[in-house]
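Below you'll find the structure, written out as structure tokens, and then a few comments.
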Amino acid sequence: MNWQFYHRFIAFTNARLWRLTHVDVLLLVALLILMSGGLFVLYSASGQDVAMVERQVLRLGIGMVTCLGLAQLPPKYMRRASPFLFVVLVGLLACVLLFGVGAKGAQRWLALPGGLRFQPSEIMKIVMPMMVAWYFANRPLPPSFKEIVTVLVIIAVPSLMVAKQPDLGTALLVGVSGIFALFLAGLGWRYIIGAAAAVPVAAYGLWQVMRDYQKQRVLTFLDPESDPLGSGWNIIQSKTAIGSGGLHGKGYLEGTQAQLNFLPESHTDFIIAVLAEEFGMIGCALLMCAYLLVIARGLYIAAYAEDNYARLLAGSITLTFFVYMFVNIGMVSGILPVVGVPLPLVSYGGTSIITIMATFGILMSIQTHKRAR
Amino acid sequence: MGKHHQVFRNYRQEHSLTKRRVVVAAAFVLFMVGVLMARLFYLQVMEYELYQTKANDNRVMLVTEPPPRGLIYDRNGVVLADNRPIHSLTVIPERAASLPELKAALSPIVDISEEDWSEYESKLKEYRRPYQSITLKSQLSDDEWSKVSVDLYKLDGVQVEAQLTRYYPYGEAFAHAIGYVGRITSRDLERVDRMAYQGALFIGKTGVEEYYESTLFGKPGISKVEVNARGRIMSEIERQNPTPGKDLHLYMDARLQQYAYDLLGNYKGAVVAIDPNNGGVLAMVSKPGFDPNLFVRGISVDQYAELRDDKRLPLFNRALRGGYPPASTIKPFMGLAGLEYGFSSWSETYYARGYYQINPNGRRYRDWKRGGHGWIDLERSIIESVDTYYYQLAHKMGITPIHTFLSKFGYGQSSILDLNGASKGLLPSNEWKKARYKEPWYPGDSVNVGIGQGFMVATPIQIATANAAMAARGHMYYPRMVNEVDNAPATFEGNEGVEHEIVLKDQRNWERMVRAMEKVITDARGTGRRLQGTEYTIAGKTGTGQVFSLADDQEYDADSLDKRLHDHALFIGFAPAEKPKIAVFAIFENGGSSSKPADLTKALFDAYLYDDYPQEYDYFEEQRR
């Protein structure tokens, strides 16, 4: 091993330039590895559509600009803005429920003048952990029972509002981002164990309030073969794609499931199946390593952040990012219901790239605005 | 948040708490990644073979390619059933929009009849290999084809397939003999190998096309192709070419067939010409015919109803299924029967009055000649077609020897080797009458059968076959259409026999009877004397078949009867009489006198033996391949 090179790299990452520009080089490098891997897979998944890859590059670029922009903003301003942003977004979510536009029986967007559309639930994914972190910022940890209840209410209100749109995937991510902050704040283990025990009960309750199409998704998930040409088609085809990839995969651009269009939404939510088919289990493991690099850096930043607000926020953001990945791969491989969560930074399109990159901006900000020790 | 309820805080402890929680979270992340990897391991390593098979089943499709159908040629290489390319609109239901959407999408582009749709719908419900296309409309016109092709990209699962279709260049004169192919129905599929017919459009429905279906069809090609999720073929993995169907070479002479059809004029009727040396059918005409191409194209309900309800029965194959009294054409055979069983001899004479009575004062069976023929013998009874001679002969013999003897010539049986649907006619017997009418056989019944009337019914192919056997002096070849299959002699293994020898106690009687039949033409009082003046010898026998029995004393008055009730006019003949090359039977329904079929027969002899055709038939010579 060339240790000289390693030391040079560490020196490079600690360079004064990066401190001045508030860029966390390790996170940046991890993100770039993930993004380029994602673009590589997207080229195949899109049916070698260069224009689509170019649009994705543009989107990732905008995300990167957002990330680096937010990194300039010191965390203390974020902390101060947190409760206001939260209140405003809850208000906007109420507006979505009242005046929202959308499709397929769900309303997720607010129509803005000039034909623009705006999805408050997406921003809520960032603001939710900010709000919980803010709540605990000036309180001693671990939280008391009263505080836990208060935070659960703070988490529940927007989550349920998003679920009501209905947007189960986003509601889940909004909810877990708050829960993760609460967990990092030191939520007592007895509560955690108690909650885990309550899950089956909650599942039953959830079943009662679910819309038909959501119930259908659950049923399809449980037995996808029952409707192979209808609702089960997606999951059957994605499992077939993944399974037929084997250990080594069929080779780049050689995946028959993906290239012959048997795999639905191969460039968006189901893109991991393309990777799995063409590069096999080894390819998937490499992709997960790239994710783990990002997550490891995020957790490092959280662990060594300056104050409770920063720690809770950074940790929650990182863990939410992981949940994104887990839910997506879990659903595509058939161990979770299909809830419409993209593979973060790899799936084509979606506003999620911008919001995810914004959260990495916050991470960089937290890491680079620490007072010198 | 106010500072007033600030309590003492151990920031270090809090930091270590959150740090510990981050470590727990990291462990959680690693555990969950482990779960995902385990899942991937399960799918990609443990279940790999299952999913690999599934993926291959997805992308690999077996496509059957229908083989080109064998052609049907006449004896001179004229194509009677040809293949022509057509384009049809087919749908892969799995890839296509729902039925109402498909209807809506297609209706502005191409006109598809309700029948086509309902046929399509019924095929949807049948068993079929997934992603196999179903024909929605066959035979697109060029206009429709180009229109559909332009819009095809918008229509998932819809495609235009080029296929070969059947074409019958000479239409109606050949329709009954050659038959036709039509669209495959579910009933057709019950009698063939479904797999082989996947993707095939047509199947032989009648005639030679039906009988030789398996020979003409060939073996479909099978190609393994890679398809995408929309059913489009991306590449071919493996291919087994179709084996074309075998060509049939018939005994039929297309020119003779067409000529015979035309010579029938506006009469309904049938003509069957057979080569007595091998039983090959040189011509087999049933008039009126119909355009067989209608059935290939998919005949409309209206067109079909028109044909079906036509009083002239164009769809009825008279040659194979028409039941007629053989009338006086039976007399040479009846005469041989009398000789065979000792009820008559060449030397014995008989006084022929104008009628015959079983008992004095009994019913009078009239002769066609009111005053009778006077003293005659067997030979003269043939020449002048003396009814009373055969009344008395049949009466003496009774039905059983008649039945036994005529059976040898194929009467009462279906002896044609390679066509389905031939009627057996009716060669009556004691047993038959008991079973049918619960009555015994009366002597009067025999009397009528003696002149080929009464209960006796024969089809043109039967009469023609018996005639050919007479021409061959008792060597009876069962009639057959096909001579060669792909240049190899046709075999008729499924049949009980293909020929047999009719041996008479005195074999010289063949020659004597043929001589008598020659004199039907050459004798001054012969009923066929109008055929005199040929360079070759003709042996023949006239016949006039009563359409219904006239009452006892009713006089036959040709003018007062509706034409439908006019007697059928029949003629059997062969030439040259010494060594016949062609034997012809012709019947003109309600033709009145037998001069019409006699003239026709002579024209066919001239044509077949001396190539003496009117000029317009030269066309067929240009069509030889």
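Ordering of the structure tokens sets the chain letters (A, B, ...), residue numbers begin anew at 1 in every chain, and ligands are numbered from 1 in the order given.
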Exercise for the section: as JSON, numbers by chain, please: all residues of range 55-262 of chain B that backbone DSSP puts in alpha helix (DSSP H). Expected result: {"B": [55, 56, 57, 58, 59, 99, 100, 101, 102, 103, 104, 105, 106, 114, 115, 116, 117, 118, 119, 120, 121, 122, 123, 124, 125, 142, 143, 144, 145, 146, 147, 148, 149, 150, 151, 175, 176, 177, 178, 186, 187, 188, 189, 207, 208, 209, 210, 211, 213, 214, 215, 216, 217, 254, 255, 256, 257, 258, 259, 260, 261, 262]}
Handout entry: Exercise: Gly340 in chain A partners within 12 Å, only C-alpha atoms, chain neighbours under 4 positions left out, as number ranges by chain
Key = A: 166-173, 214, 217, 234, 265, 268-270, 324-325, 327-332, 336, 344, 347, 350, 352
Exercise for the section: Taking only C-alpha atoms into account, report as number ranges by chain which residues of chain B lie within 8 Å of chain A. Expected result: B: 1, 6-7, 9, 14-15, 17-19, 21-22, 25-26, 29, 32-33, 36-37, 39-41, 43-45, 47-55, 58-59, 227-230
Exercise for the section: Just give me the gap between CA of Phe40 in chain A and CA of Trp233 in chain A in Å, one decimal is fine. Expected result: 25.9 Å
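The two atoms in question, CA of Ser82 in chain A and CA of Pro342 in chain A, are spaced 26.3 Å apart.
For the pair CA of Tyr617 in chain B and CA of Leu604 in chain B, the separation is 12.6 Å.
For range 514-516 of chain B, the residues within 8 Å (counting only C-alpha atoms, excluding itself and residues fewer than 6 positions away along the chain) are Glu379, Arg380, Ile382, Ile383, Met470, Ala471, Ala539 and Ala577 of chain B.
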Practice task
Show which residues sit within 12 Å of Gly545 in chain B, as a ChimeraX atom specification. Count only C-alpha atoms, and ignore same-chain residues fewer than 2 positions away.
Solution key: /B:323-330,368,448-449,451-454,456-458,542-543,547-550,565-571,587-594
Same residues, C-alpha atoms, saved as a CSV table (one decimal), in the first residue's frame:
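Saved file part.csv follows:
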chain,number,residue,atom,x,y,z
B,323,GLY,CA,-78.2,-39.2,-57.0
B,324,TYR,CA,-79.6,-40.0,-60.4
B,325,PRO,CA,-81.3,-43.0,-61.9
B,326,PRO,CA,-78.6,-44.5,-64.2
B,327,ALA,CA,-81.5,-45.2,-66.6
B,328,SER,CA,-80.6,-47.0,-69.8
B,329,THR,CA,-76.9,-46.7,-69.2
B,330,ILE,CA,-77.3,-49.7,-66.9
B,368,TRP,CA,-90.0,-45.8,-74.8
B,448,ASN,CA,-88.0,-50.9,-62.8
B,449,VAL,CA,-84.4,-51.6,-61.7
B,451,ILE,CA,-83.8,-50.1,-66.9
B,452,GLY,CA,-81.9,-48.3,-64.1
B,453,GLN,CA,-85.0,-46.7,-62.6
B,454,GLY,CA,-87.1,-47.4,-59.6
B,456,MET,CA,-81.8,-47.5,-58.1
B,457,VAL,CA,-79.8,-44.4,-57.6
B,458,ALA,CA,-76.3,-43.8,-58.8
B,542,THR,CA,-77.7,-43.5,-74.1
B,543,GLY,CA,-80.0,-43.0,-71.2
B,547,VAL,CA,-87.2,-37.4,-62.9
B,548,PHE,CA,-90.3,-38.9,-61.3
B,549,SER,CA,-92.5,-41.9,-62.1
B,550,LEU,CA,-95.2,-41.1,-64.6
B,565,LEU,CA,-89.4,-32.2,-64.5
B,566,HIS,CA,-87.9,-32.9,-67.9
B,567,ASP,CA,-86.1,-36.1,-68.1
B,568,HIS,CA,-82.4,-36.2,-67.3
B,569,ALA,CA,-80.3,-36.9,-70.3
B,570,LEU,CA,-77.4,-39.4,-69.9
B,571,PHE,CA,-74.7,-40.8,-72.0
B,587,ILE,CA,-75.6,-36.0,-67.5
B,588,PHE,CA,-77.7,-33.0,-68.4
B,589,GLU,CA,-80.3,-32.5,-65.7
B,590,ASN,CA,-83.6,-32.1,-67.4
B,591,GLY,CA,-81.8,-32.2,-70.7
B,592,GLY,CA,-84.7,-34.0,-72.3
B,593,SER,CA,-83.0,-36.1,-75.0
B,594,SER,CA,-79.7,-37.9,-74.7
Handout entry: Those of range 279-406 of chain B in DSSP strand (DSSP E), formatted as a PyMOL selection string
Key = chain B and resi 281-287+349-352+355-357+364-366+374-377
Problem - Residue neighbourhood range 481-495 of chain B, 8 Å, only C-alpha atoms, exclusion window fewer than 5 positions, as a ChimeraX atom specification - result: /B:208,246-252,280-281,417-419
